[in-house]
$ cat entry11.txt   # compact mmCIF, C-alpha atoms
# COMPACT_ATOMS: atom_id res chain seq x y z
CA MET A 1402 20.05 1.19 20.22
CA SER A 1403 17.67 0.47 17.34
CA ALA A 1404 14.16 -0.94 17.52
CA PRO A 1405 13.28 -4.21 15.80
CA LYS A 1406 11.17 -4.14 12.64
CA GLU A 1407 8.28 -5.56 14.69
CA TYR A 1408 8.10 -2.25 16.60
CA ILE A 1409 5.85 0.39 15.04
CA ALA A 1410 6.00 3.90 16.46
CA ALA A 1411 2.76 5.81 17.05
CA ASP A 1412 3.65 8.37 14.39
CA ALA A 1413 4.93 5.80 11.86
CA GLY A 1414 3.14 4.74 8.71
CA GLU A 1415 2.46 5.97 5.22
CA VAL A 1416 -0.77 7.99 4.92
CA ILE A 1417 -3.09 7.61 1.95
CA SER A 1418 -6.34 9.52 1.39
CA PHE A 1419 -9.53 8.59 -0.42
CA MET A 1420 -13.28 9.14 -0.10
CA GLY A 1421 -12.74 11.95 2.44
CA MET A 1422 -10.80 9.70 4.85
CA ASP A 1423 -7.17 9.05 5.70
CA LEU A 1424 -5.63 5.63 6.18
CA VAL A 1425 -2.30 5.14 8.00
CA TRP A 1426 -0.51 1.86 7.22
CA LYS A 1427 0.89 0.09 10.29
CA ILE A 1428 1.57 -3.59 9.46
CA VAL A 1429 1.55 -4.48 5.78
CA ASN A 1430 1.57 -8.09 4.55
CA GLU A 1431 3.24 -9.63 7.59
CA PRO A 1432 3.87 -12.50 7.99
CA GLU A 1433 3.65 -14.00 4.51
CA GLY A 1434 0.90 -11.62 3.38
CA GLU A 1435 -1.63 -12.78 5.97
CA LEU A 1436 -1.95 -9.69 8.19
CA LEU A 1437 -2.72 -6.05 7.53
CA THR A 1438 -3.30 -3.30 10.08
CA PHE A 1439 -4.06 0.35 9.56
CA ILE A 1440 -5.68 3.29 11.31
CA GLN A 1441 -8.58 4.91 9.51
CA VAL A 1442 -9.31 8.56 10.30
CA ALA A 1443 -12.82 9.63 9.28
CA PRO A 1444 -14.77 12.86 9.85
CA PRO A 1445 -18.21 13.11 11.46
CA GLY A 1446 -20.87 11.84 9.06
CA GLY A 1447 -18.31 9.85 7.09
CA GLY A 1448 -18.00 6.11 7.08
CA VAL A 1449 -17.82 3.00 4.98
CA PRO A 1450 -20.96 1.83 3.11
CA LEU A 1451 -22.27 -1.69 3.56
CA HIS A 1452 -20.00 -4.28 1.97
CA ILE A 1453 -18.86 -7.89 2.20
CA HIS A 1454 -15.32 -9.29 2.34
CA HIS A 1455 -15.30 -12.69 0.66
CA ASN A 1456 -11.67 -13.57 1.53
CA GLU A 1457 -10.86 -11.83 4.82
CA ASP A 1458 -11.91 -11.63 8.44
CA GLU A 1459 -11.80 -8.07 9.75
CA TYR A 1460 -11.54 -6.63 13.26
CA ILE A 1461 -11.80 -3.05 14.47
CA TYR A 1462 -10.88 -1.32 17.71
CA VAL A 1463 -12.25 2.21 18.15
CA LEU A 1464 -9.46 4.50 19.35
CA GLU A 1465 -11.49 7.74 19.25
CA GLY A 1466 -15.01 8.74 18.27
CA SER A 1467 -18.31 6.95 17.97
CA LEU A 1468 -19.88 4.87 15.21
CA ARG A 1469 -23.25 3.50 14.19
CA PHE A 1470 -22.37 0.01 13.02
CA GLN A 1471 -24.24 -2.59 11.01
CA LEU A 1472 -23.17 -6.23 11.05
CA GLY A 1473 -25.56 -8.52 9.21
CA GLU A 1474 -29.05 -7.39 10.26
CA ASP A 1475 -27.85 -5.97 13.60
CA VAL A 1476 -27.39 -2.20 13.97
CA PHE A 1477 -25.64 -0.92 17.12
CA ASP A 1478 -23.50 1.92 18.46
CA VAL A 1479 -19.82 1.49 19.28
CA GLY A 1480 -17.38 3.89 20.90
CA GLU A 1481 -13.89 4.33 22.25
CA GLY A 1482 -12.43 1.06 23.48
CA ASP A 1483 -14.98 -1.14 21.72
CA HIS A 1484 -14.07 -4.02 19.39
CA VAL A 1485 -16.09 -5.46 16.50
CA TYR A 1486 -15.32 -8.72 14.68
CA MET A 1487 -16.56 -9.01 11.08
CA PRO A 1488 -16.24 -12.55 9.73
CA ARG A 1489 -15.76 -13.01 6.00
CA GLY A 1490 -19.00 -13.25 4.09
CA LYS A 1491 -21.01 -11.06 6.50
CA VAL A 1492 -22.27 -7.66 5.35
CA HIS A 1493 -21.03 -4.72 7.45
CA GLY A 1494 -20.46 -0.98 7.38
CA PHE A 1495 -20.44 2.05 9.65
CA ARG A 1496 -21.14 5.76 9.91
CA ILE A 1497 -19.32 8.23 12.20
CA THR A 1498 -21.78 9.73 14.69
CA GLY A 1499 -21.37 12.76 16.92
CA ASP A 1500 -19.13 15.72 16.18
CA LYS A 1501 -15.73 14.12 16.73
CA THR A 1502 -13.38 12.69 14.09
CA ALA A 1503 -13.03 8.94 14.53
CA ARG A 1504 -9.76 6.98 14.64
CA ILE A 1505 -10.24 3.25 14.16
CA LEU A 1506 -7.62 0.50 14.21
CA PHE A 1507 -8.37 -2.13 11.56
CA THR A 1508 -6.84 -5.60 11.42
CA LEU A 1509 -7.45 -7.93 8.50
CA ALA A 1510 -6.62 -11.62 8.66
CA MET A 1511 -6.40 -12.55 5.01
CA LYS A 1512 -5.35 -15.15 2.54
CA PRO A 1513 -1.80 -14.73 1.20
CA GLU A 1514 -3.13 -14.06 -2.31
CA SER A 1515 -5.11 -11.01 -1.15
CA ARG A 1516 -3.92 -7.77 -2.72
CA TYR A 1517 -5.14 -5.19 -0.24
CA VAL A 1518 -2.25 -2.78 -0.57
CA GLU A 1519 -2.73 -2.72 -4.34
CA MET A 1520 -6.47 -2.29 -3.85
CA PHE A 1521 -6.06 0.70 -1.55
CA GLU A 1522 -3.47 2.24 -3.87
CA GLY A 1523 -6.16 2.09 -6.58
CA LEU A 1524 -8.47 4.12 -4.32
CA VAL A 1525 -6.04 6.98 -3.57
CA GLY A 1526 -7.47 10.36 -4.44
CA LEU A 1527 -11.00 9.14 -5.22
CA ALA A 1528 -13.77 11.47 -4.06
CA PRO A 1529 -17.08 10.31 -2.54
CA GLU A 1530 -18.85 11.02 -5.84
CA GLU A 1531 -16.57 8.46 -7.56
CA PHE A 1532 -18.14 5.53 -5.72
CA ASP A 1533 -18.55 3.54 -8.95
CA LYS A 1534 -14.74 3.43 -9.23
CA VAL A 1535 -14.49 2.26 -5.60
CA VAL A 1536 -16.90 -0.60 -6.39
CA GLU A 1537 -14.83 -1.58 -9.44
CA VAL A 1538 -11.43 -1.48 -7.69
CA CYS A 1539 -12.65 -3.32 -4.59
CA GLY A 1540 -14.56 -5.89 -6.62
CA ARG A 1541 -11.30 -7.07 -8.17
CA ASN A 1542 -10.24 -8.09 -4.64
CA ARG A 1543 -13.54 -9.81 -3.79
CA VAL A 1544 -14.86 -6.93 -1.68
CA GLU A 1545 -18.48 -6.42 -2.73
CA PHE A 1546 -20.34 -3.17 -1.97
CA LEU A 1547 -24.11 -3.07 -1.78
CA THR A 1548 -25.47 -0.60 -4.30
CA PRO A 1549 -26.68 2.02 -4.06
CA PRO A 1550 -24.21 2.84 -1.26
CA GLN A 1551 -25.79 2.63 2.18
CA LEU A 1552 -24.52 3.79 5.57
CA PRO A 1553 -26.13 2.39 8.73
CA GLU A 1554 -29.02 4.59 9.99
$ encode --input "entry11.txt" --output "structure tokens"
Amino acid sequence: MSAPKEYIAADAGEVISFMGMDLVWKIVNEPEGELLTFIQVAPPGGGVPLHIHHNEDEYIYVLEGSLRFQLGEDVFDVGEGDHVYMPRGKVHGFRITGDKTARILFTLAMKPESRYVEMFEGLVGLAPEEFDKVVEVCGRNRVEFLTPPQLPE
């Protein structure tokens, strides 16, 4: 018996690494390029600096770990089992708190013309000190980082 393509095993998915984090693809451009899901694995102290998605709504579900999150002007802590919705156009970012690696499930509801897979492929191998390249690559997909890079305090 074989599983349908809609089934995704826990250990399935291509892994890419950049900025000291791993990203595991789960659902890529389904259906019609409007949905993307991945698991981000980030070490304590790591995170994603404040940025704005101009084309996509984004959702996270924290599988493991704890985060200090900023959404707009609000700063709050989230942990295992918590969800956060980030509507397009609203600044957001997070920092991993505590001493445990975080695993976060991301879902992006996007326009069909979004090129997220290509964007992430352009980030592969970049180190944290290459943030200017991250800004350039993401900017081509209408993801705008605040500079200098800022993690929620």
$ atom_distance --input "entry11.txt" --atom1 "atom CA of A:Phe1470" --atom2 "atom CA of A:Phe1495"
4.4 Å
$ closest_residue --input "entry11.txt" --among "A:Leu1464, A:Val1442, A:Val1492, A:Leu1509" --to "A:Gly1421" --atoms "only C-alpha atoms"
A:Val1442
$ atom_distance --input "entry11.txt" --atom1 "atom CA of A:Lys1512" --atom2 "atom CA of A:Phe1477"
28.8 Å
$ atom_distance --input "entry11.txt" --atom1 "atom CA of A:His1484" --atom2 "atom CA of A:Asp1458"
13.5 Å
$ closest_residue --input "entry11.txt" --among "A:Ala1410, A:Ala1503, A:Val1449, A:Met1420" --to "A:Gln1551" --atoms "all atoms listed in the file"
A:Val1449
$ residues_near_point --input "entry11.txt" --point "(-13.0, 4.5, -5.2)" --cutoff "9 Å" --atoms "all atoms listed in the file" --output "PyMOL selection string"
chain A and resi 1419-1420+1521+1523-1539
$ write_last_selection --input "entry11.txt" --atoms "C-alpha atoms" --output "short mmCIF file (atom, residue, chain, number, x, y, z; two decimals), in the frame of the given file"
data_model
loop_
_atom_site.label_atom_id
_atom_site.label_comp_id
_atom_site.auth_asym_id
_atom_site.auth_seq_id
_atom_site.Cartn_x
_atom_site.Cartn_y
_atom_site.Cartn_z
CA PHE A 1419 -9.53 8.59 -0.42
CA MET A 1420 -13.28 9.14 -0.10
CA PHE A 1521 -6.06 0.70 -1.55
CA GLY A 1523 -6.16 2.09 -6.58
CA LEU A 1524 -8.47 4.12 -4.32
CA VAL A 1525 -6.04 6.98 -3.57
CA GLY A 1526 -7.47 10.36 -4.44
CA LEU A 1527 -11.00 9.14 -5.22
CA ALA A 1528 -13.77 11.47 -4.06
CA PRO A 1529 -17.08 10.31 -2.54
CA GLU A 1530 -18.85 11.02 -5.84
CA GLU A 1531 -16.57 8.46 -7.56
CA PHE A 1532 -18.14 5.53 -5.72
CA ASP A 1533 -18.55 3.54 -8.95
CA LYS A 1534 -14.74 3.43 -9.23
CA VAL A 1535 -14.49 2.26 -5.60
CA VAL A 1536 -16.90 -0.60 -6.39
CA GLU A 1537 -14.83 -1.58 -9.44
CA VAL A 1538 -11.43 -1.48 -7.69
CA CYS A 1539 -12.65 -3.32 -4.59
#
$ closest_residue --input "entry11.txt" --among "A:Thr1498, A:Ser1467, A:Thr1548, A:Thr1438" --to "A:Tyr1517" --atoms "only C-alpha atoms"
A:Thr1438
$ residues_around --input "entry11.txt" --residues "A:Glu1415" --least-positions-apart "4" --cutoff "8 Å" --atoms "only C-alpha atoms" --output "PDB file with C-alpha atoms, in the coordinates of the input"
ATOM      1  CA  VAL A1425      -2.300   5.140   8.000  1.00  0.00           C
ATOM      2  CA  TRP A1426      -0.510   1.860   7.220  1.00  0.00           C
ATOM      3  CA  LYS A1427       0.890   0.090  10.290  1.00  0.00           C
TER       4      LYS A1427
END
$ closest_residue --input "entry11.txt" --among "A:Glu1522, A:Asp1475, A:Glu1545, A:Asp1483" --to "A:Ser1418" --atoms "all atoms listed in the file"
A:Glu1522
$ residues_near_point --input "entry11.txt" --point "(-20.2, -3.6, 1.1)" --cutoff "7 Å" --atoms "only C-alpha atoms" --output "list in words"
Pro1450, Leu1451, His1452, Ile1453, Val1492, His1493, Gly1494, Val1544, Glu1545, Phe1546 and Leu1547 of chain A
$ closest_residue --input "entry11.txt" --among "A:Ile1409, A:Ile1461, A:Leu1506, A:Leu1436" --to "A:Val1485" --atoms "only C-alpha atoms"
A:Ile1461
$ closest_residue --input "entry11.txt" --among "A:Ile1497, A:Ile1428, A:Val1416, A:Ile1505" --to "A:Gly1482" --atoms "all atoms listed in the file"
A:Ile1505
